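Below: coords-v9.cif (mmCIF, C-alpha atoms)
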data_input
loop_
_atom_site.group_PDB
_atom_site.id
_atom_site.type_symbol
_atom_site.label_atom_id
_atom_site.label_comp_id
_atom_site.auth_asym_id
_atom_site.auth_seq_id
_atom_site.Cartn_x
_atom_site.Cartn_y
_atom_site.Cartn_z
ATOM 1 C CA MET R 1 33.022 -28.960 -0.718
ATOM 2 C CA GLN R 2 31.103 -31.657 1.088
ATOM 3 C CA ARG R 3 32.424 -34.285 3.417
ATOM 4 C CA LYS R 4 31.306 -37.931 3.506
ATOM 5 C CA VAL R 5 32.117 -40.922 5.670
ATOM 6 C CA PHE R 6 32.181 -44.243 3.829
ATOM 7 C CA GLN R 7 32.214 -47.630 5.515
ATOM 8 C CA LEU R 8 33.695 -50.480 3.504
ATOM 9 C CA ILE R 9 33.586 -54.185 4.243
ATOM 10 C CA VAL R 10 36.509 -55.765 2.422
ATOM 11 C CA ASP R 11 38.239 -59.131 2.258
ATOM 12 C CA ASN R 12 40.861 -59.417 4.995
ATOM 13 C CA THR R 13 43.774 -59.976 2.628
ATOM 14 C CA SER R 14 47.251 -58.530 2.384
ATOM 15 C CA GLY R 15 47.496 -55.346 0.342
ATOM 16 C CA VAL R 16 43.789 -54.456 0.461
ATOM 17 C CA LEU R 17 44.383 -51.138 2.221
ATOM 18 C CA SER R 18 47.158 -50.322 -0.240
ATOM 19 C CA ARG R 19 44.863 -51.001 -3.215
ATOM 20 C CA ILE R 20 42.142 -48.770 -1.789
ATOM 21 C CA SER R 21 44.483 -45.885 -0.928
ATOM 22 C CA GLY R 22 46.158 -46.337 -4.313
ATOM 23 C CA LEU R 23 42.837 -45.763 -6.056
ATOM 24 C CA PHE R 24 42.460 -42.493 -4.160
ATOM 25 C CA SER R 25 45.973 -41.308 -5.047
ATOM 26 C CA ARG R 26 45.706 -42.311 -8.735
ATOM 27 C CA ARG R 27 42.454 -40.396 -9.114
ATOM 28 C CA GLY R 28 43.609 -37.407 -7.050
ATOM 29 C CA TYR R 29 40.941 -37.896 -4.358
ATOM 30 C CA ASN R 30 41.629 -36.706 -0.829
ATOM 31 C CA ILE R 31 41.482 -38.943 2.243
ATOM 32 C CA GLU R 32 40.933 -36.904 5.411
ATOM 33 C CA SER R 33 41.108 -39.987 7.628
ATOM 34 C CA ILE R 34 41.144 -43.743 7.220
ATOM 35 C CA THR R 35 40.796 -46.454 9.851
ATOM 36 C CA ALA R 36 40.774 -50.208 9.419
ATOM 37 C CA GLY R 37 40.252 -53.218 11.638
ATOM 38 C CA VAL R 38 39.095 -56.800 11.450
ATOM 39 C CA THR R 39 35.354 -57.411 11.937
ATOM 40 C CA ALA R 40 33.615 -60.014 14.115
ATOM 41 C CA ASP R 41 34.185 -62.342 11.147
ATOM 42 C CA PRO R 42 37.992 -62.570 10.677
ATOM 43 C CA ARG R 43 37.566 -63.035 6.910
ATOM 44 C CA PHE R 44 36.604 -59.364 6.603
ATOM 45 C CA THR R 45 37.974 -55.935 7.518
ATOM 46 C CA ARG R 46 35.918 -52.809 8.167
ATOM 47 C CA ILE R 47 37.458 -49.642 6.732
ATOM 48 C CA THR R 48 36.102 -46.185 7.496
ATOM 49 C CA ILE R 49 37.168 -43.435 5.095
ATOM 50 C CA VAL R 50 36.432 -39.740 5.522
ATOM 51 C CA THR R 51 36.772 -37.837 2.260
ATOM 52 C CA SER R 52 35.670 -34.539 0.767
ATOM 53 C CA GLY R 53 34.812 -33.082 -2.614
ATOM 54 C CA ASP R 54 31.853 -31.876 -4.590
ATOM 55 C CA GLU R 55 28.815 -34.126 -5.099
ATOM 56 C CA ASP R 56 30.105 -35.497 -8.439
ATOM 57 C CA ILE R 57 33.519 -36.397 -6.996
ATOM 58 C CA LEU R 58 31.969 -38.093 -3.949
ATOM 59 C CA ASP R 59 29.633 -40.129 -6.184
ATOM 60 C CA GLN R 60 32.610 -41.078 -8.355
ATOM 61 C CA ILE R 61 34.612 -42.156 -5.299
ATOM 62 C CA GLU R 62 31.788 -44.437 -4.159
ATOM 63 C CA LYS R 63 31.450 -45.999 -7.634
ATOM 64 C CA GLN R 64 35.198 -46.490 -8.134
ATOM 65 C CA VAL R 65 35.742 -48.021 -4.681
ATOM 66 C CA SER R 66 32.775 -50.391 -5.096
ATOM 67 C CA LYS R 67 34.392 -51.774 -8.295
ATOM 68 C CA LEU R 68 37.518 -52.979 -6.457
ATOM 69 C CA VAL R 69 37.680 -56.769 -6.248
ATOM 70 C CA ASP R 70 38.266 -56.887 -2.474
ATOM 71 C CA VAL R 71 35.310 -54.611 -1.625
ATOM 72 C CA ARG R 72 32.252 -56.591 -0.509
ATOM 73 C CA ASN R 73 30.103 -53.631 0.549
ATOM 74 C CA ILE R 74 30.297 -49.832 0.677
ATOM 75 C CA LYS R 75 27.838 -47.470 2.287
ATOM 76 C CA GLU R 76 27.775 -43.896 3.408
ATOM 77 C CA LEU R 77 27.535 -43.363 7.151
ATOM 78 C CA VAL R 78 25.068 -40.476 7.325
ATOM 79 C CA PRO R 79 25.712 -38.391 10.486
ATOM 80 C CA GLU R 80 22.107 -38.466 11.733
ATOM 81 C CA GLU R 81 21.927 -42.254 11.346
ATOM 82 C CA SER R 82 25.407 -43.185 12.591
ATOM 83 C CA VAL R 83 27.759 -42.989 15.543
ATOM 84 C CA TYR R 84 31.299 -41.700 14.953
ATOM 85 C CA ARG R 85 34.177 -41.810 17.398
ATOM 86 C CA GLU R 86 37.833 -40.889 17.299
ATOM 87 C CA LEU R 87 40.678 -41.501 19.732
ATOM 88 C CA ILE R 88 43.304 -38.878 20.430
ATOM 89 C CA MET R 89 46.374 -39.049 22.621
ATOM 90 C CA LEU R 90 48.139 -35.834 23.624
ATOM 91 C CA LYS R 91 51.402 -35.303 25.447
ATOM 92 C CA VAL R 92 51.128 -31.967 27.249
ATOM 93 C CA LYS R 93 53.959 -30.145 28.972
ATOM 94 C CA ALA R 94 52.970 -29.881 32.623
ATOM 95 C CA ASP R 95 55.039 -28.847 35.609
ATOM 96 C CA ALA R 96 53.713 -29.238 39.158
ATOM 97 C CA GLU R 97 51.816 -25.915 38.982
ATOM 98 C CA GLN R 98 50.058 -26.666 35.672
ATOM 99 C CA ARG R 99 49.257 -30.316 36.348
ATOM 100 C CA GLN R 100 46.066 -29.783 38.389
ATOM 101 C CA SER R 101 44.434 -27.443 35.848
ATOM 102 C CA ILE R 102 45.139 -29.902 33.020
ATOM 103 C CA ILE R 103 43.781 -32.837 35.036
ATOM 104 C CA ALA R 104 40.639 -30.827 35.896
ATOM 105 C CA LEU R 105 40.081 -30.064 32.202
ATOM 106 C CA ALA R 106 40.614 -33.739 31.324
ATOM 107 C CA ASP R 107 38.043 -34.732 33.968
ATOM 108 C CA ILE R 108 35.437 -32.389 32.468
ATOM 109 C CA PHE R 109 35.872 -34.102 29.097
ATOM 110 C CA ARG R 110 36.001 -37.607 30.647
ATOM 111 C CA ALA R 111 39.525 -38.013 29.319
ATOM 112 C CA LYS R 112 42.014 -40.358 30.966
ATOM 113 C CA ILE R 113 45.482 -39.512 32.173
ATOM 114 C CA VAL R 114 47.457 -42.524 30.928
ATOM 115 C CA ASP R 115 50.981 -41.411 31.839
ATOM 116 C CA VAL R 116 52.495 -38.918 34.255
ATOM 117 C CA ALA R 117 56.102 -37.776 34.009
ATOM 118 C CA ILE R 118 57.975 -35.051 35.879
ATOM 119 C CA ASP R 119 57.387 -32.526 33.095
ATOM 120 C CA SER R 120 54.435 -33.888 31.092
ATOM 121 C CA LEU R 121 51.134 -35.792 30.995
ATOM 122 C CA ILE R 122 49.738 -38.097 28.346
ATOM 123 C CA ILE R 123 45.982 -37.751 27.956
ATOM 124 C CA GLU R 124 43.657 -40.148 26.123
ATOM 125 C CA LEU R 125 40.280 -38.880 24.891
ATOM 126 C CA THR R 126 37.578 -40.598 22.867
ATOM 127 C CA GLY R 127 34.643 -38.802 21.292
ATOM 128 C CA ASN R 128 33.250 -37.151 18.210
ATOM 129 C CA GLN R 129 35.385 -34.661 16.336
ATOM 130 C CA ALA R 130 33.640 -31.643 17.863
ATOM 131 C CA LYS R 131 34.459 -32.852 21.388
ATOM 132 C CA ILE R 132 38.085 -33.503 20.476
ATOM 133 C CA GLU R 133 38.489 -30.111 18.775
ATOM 134 C CA ALA R 134 36.918 -28.376 21.809
ATOM 135 C CA PHE R 135 39.342 -30.149 24.154
ATOM 136 C CA ILE R 136 42.350 -29.196 22.037
ATOM 137 C CA SER R 137 41.232 -25.561 21.858
ATOM 138 C CA LEU R 138 40.837 -25.392 25.651
ATOM 139 C CA LEU R 139 44.410 -26.619 26.024
ATOM 140 C CA ASN R 140 45.442 -23.464 24.165
ATOM 141 C CA GLY R 141 47.400 -22.048 27.109
ATOM 142 C CA HIS R 142 49.428 -25.251 27.456
ATOM 143 C CA GLN R 143 52.155 -26.602 25.227
ATOM 144 C CA ILE R 144 51.141 -29.738 23.319
ATOM 145 C CA LEU R 145 54.371 -31.676 22.818
ATOM 146 C CA GLU R 146 52.937 -34.530 20.736
ATOM 147 C CA LEU R 147 49.551 -35.479 19.367
ATOM 148 C CA ALA R 148 48.286 -38.707 17.763
ATOM 149 C CA ARG R 149 44.783 -39.141 16.281
ATOM 150 C CA THR R 150 43.232 -42.364 15.013
ATOM 151 C CA GLY R 151 40.744 -40.934 12.559
ATOM 152 C CA ILE R 152 37.038 -41.665 12.612
ATOM 153 C CA ALA R 153 35.578 -45.098 13.250
ATOM 154 C CA GLY R 154 31.836 -45.377 12.821
ATOM 155 C CA LEU R 155 28.814 -47.637 12.680
ATOM 156 C CA SER R 156 25.264 -47.049 11.516
ATOM 157 C CA ARG R 157 22.602 -47.018 14.234
ATOM 158 C CA GLY R 158 20.267 -49.985 14.754
ATOM 159 C CA SER R 159 20.372 -53.457 13.227
ATOM 160 C CA GLU R 160 18.850 -52.563 9.864
ATOM 161 C CA GLY R 161 21.364 -52.860 7.041
ATOM 162 C CA VAL R 162 23.836 -55.068 8.937
ATOM 163 C CA ILE R 163 25.765 -57.173 6.423
ATOM 164 C CA ASN R 164 26.062 -60.937 7.014
ATOM 165 C CA PHE R 165 28.403 -62.979 4.814
ATOM 166 C CA ASP R 166 27.485 -66.509 5.765
#
Final structure tokens representation of the file:
Amino acid sequence: MQRKVFQLIVDNTSGVLSRISGLFSRRGYNIESITAGVTADPRFTRITIVTSGDEDILDQIEKQVSKLVDVRNIKELVPEESVYRELIMLKVKADAEQRQSIIALADIFRAKIVDVAIDSLIIELTGNQAKIEAFISLLNGHQILELARTGIAGLSRGSEGVINFD
């Protein structure tokens, strides 16, 4: 099993995300994560999809997605030539004794404490998946009450290959 990150530029129309995810479900393809947001040009949306499968399945996914009417461009974001980031928010149980050790760990990872309650902290962390997984594993001795992840957002490095739809 291989894993690929695809970046799609699609028309910013209602139902476009549903049509793309519907293609994946109809064909039995797996989506590990999907993020979407409007681009600098409000006519278009950038969608980042992380998926996995063997080489034939991944090639088929790319071909099938590129055939959708709303899709203007699809490209693979190769790890060595791209920057990936993910946002995670964690609510961690923390009494007065535990709070300082959790804050110290958050500082090491350049995470932000975005909420403090009597019995918990909410921590926000942005980074690549390895950084996020390392942070979660180091919180092993603490109780994670809730966790929310955005999925990967990514861009290719440099200005080569930037799509302009003028």
_Nearest candidate to Leu17 of chain R (options R:Arg3, R:Arg157, R:Arg46, R:Lys67; using all atoms listed in the file)_ = R:Arg46
*Computed interatomic separation between atom CA of Glu146 of chain R and atom CA of Asp119 of chain R (Å)*: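 Between these atoms lies a distance of 13.3 Å.
Among R:Phe135, R:Gln143, R:Ala96, R:Lys91, the residue with the shortest atom-to-atom distance to Leu121 of chain R, counting all atoms listed in the file, is R:Lys91.
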*If you apply the PyMOL selection byres ((chain R and resi 42) around 12) to this file, what residues do you get, as a PyMOL selection string?*
chain R and resi 9-13+37-41+43-46+165
*Could you pull the residues within 8 Å of segment 68-81 of chain R, counting all atoms listed in the file, minus those fewer than 5 positions along the same chain, as a ChimeraX atom specification?*
/R:4-11,16,20,62,154-157
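Considering all atoms listed in the file, the residue among R:Arg110, R:Arg19, R:His142, R:Arg27 positioned nearest to Glu97 of chain R is R:His142.
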_Which residue is closest to Ile152 of chain R? Choose from R:Gln64, R:Ala104, R:Val50, R:Asp95 and count all atoms listed in the file._
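Under the stated criterion, the closest residue is R:Val50.
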If you count all atoms listed in the file, which residues fall within 9 Å of Leu105 of chain R, apart from same-chain ones fewer than 6 positions away, as a PDB file with C-alpha atoms, keeping the file's coordinate frame?
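Listing of around10.pdb after writing:
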ATOM      1  CA  ALA R 111      39.525 -38.013  29.319  1.00  0.00           C
ATOM      2  CA  PHE R 135      39.342 -30.149  24.154  1.00  0.00           C
ATOM      3  CA  LEU R 138      40.837 -25.392  25.651  1.00  0.00           C
ATOM      4  CA  LEU R 139      44.410 -26.619  26.024  1.00  0.00           C
TER       5      LEU R 139
END
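Here atom CA of Val114 of chain R stands at a distance of 26.3 Å from atom CA of Thr48 of chain R.
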*asked:* Can you translate the PyMOL selection byres ((chain R and resi 52) around 8) into the concrete residues it hits in this file, as a PyMOL selection string?
replied: chain R and resi 1-4+30-32+50-51+53-54+58
*Nearest to Thr126 of chain R among R:Leu145, R:Leu87, R:Gln100, R:Ala106, with distances taken over only C-alpha atoms: which residue is it?*
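That would be R:Leu87, the residue with the smallest distance to Thr126 of chain R.
The neighbours of Thr35 of chain R here are the residues that come within 8 Å of it, using only C-alpha atoms and leaving out any residue fewer than 4 positions away in the same chain; they are Ile47, Thr48, Ile49, Thr150, Gly151, Ile152 and Ala153 of chain R.
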*Record the distance separating atom CA of Arg85 of chain R and atom CA of Gln60 of chain R, expressed in Å with one decimal.*
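Computed distance, atom CA of Arg85 of chain R to atom CA of Gln60 of chain R, equals 25.8 Å.
Counting only C-alpha atoms, the residue from R:Ile144, R:Val65, R:Ala94, R:Ile57 that sits nearest to Ser21 of chain R is R:Val65.
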Around segment 4-20 of chain R, with edges along x, y and z and 5 Å added on all six sides, what centre and edge lengths do you get, in Å to one decimal, as JSON?
{"center_x": 39.4, "center_y": -49.0, "center_z": 1.2, "size_x": 26.2, "size_y": 32.0, "size_z": 18.9}
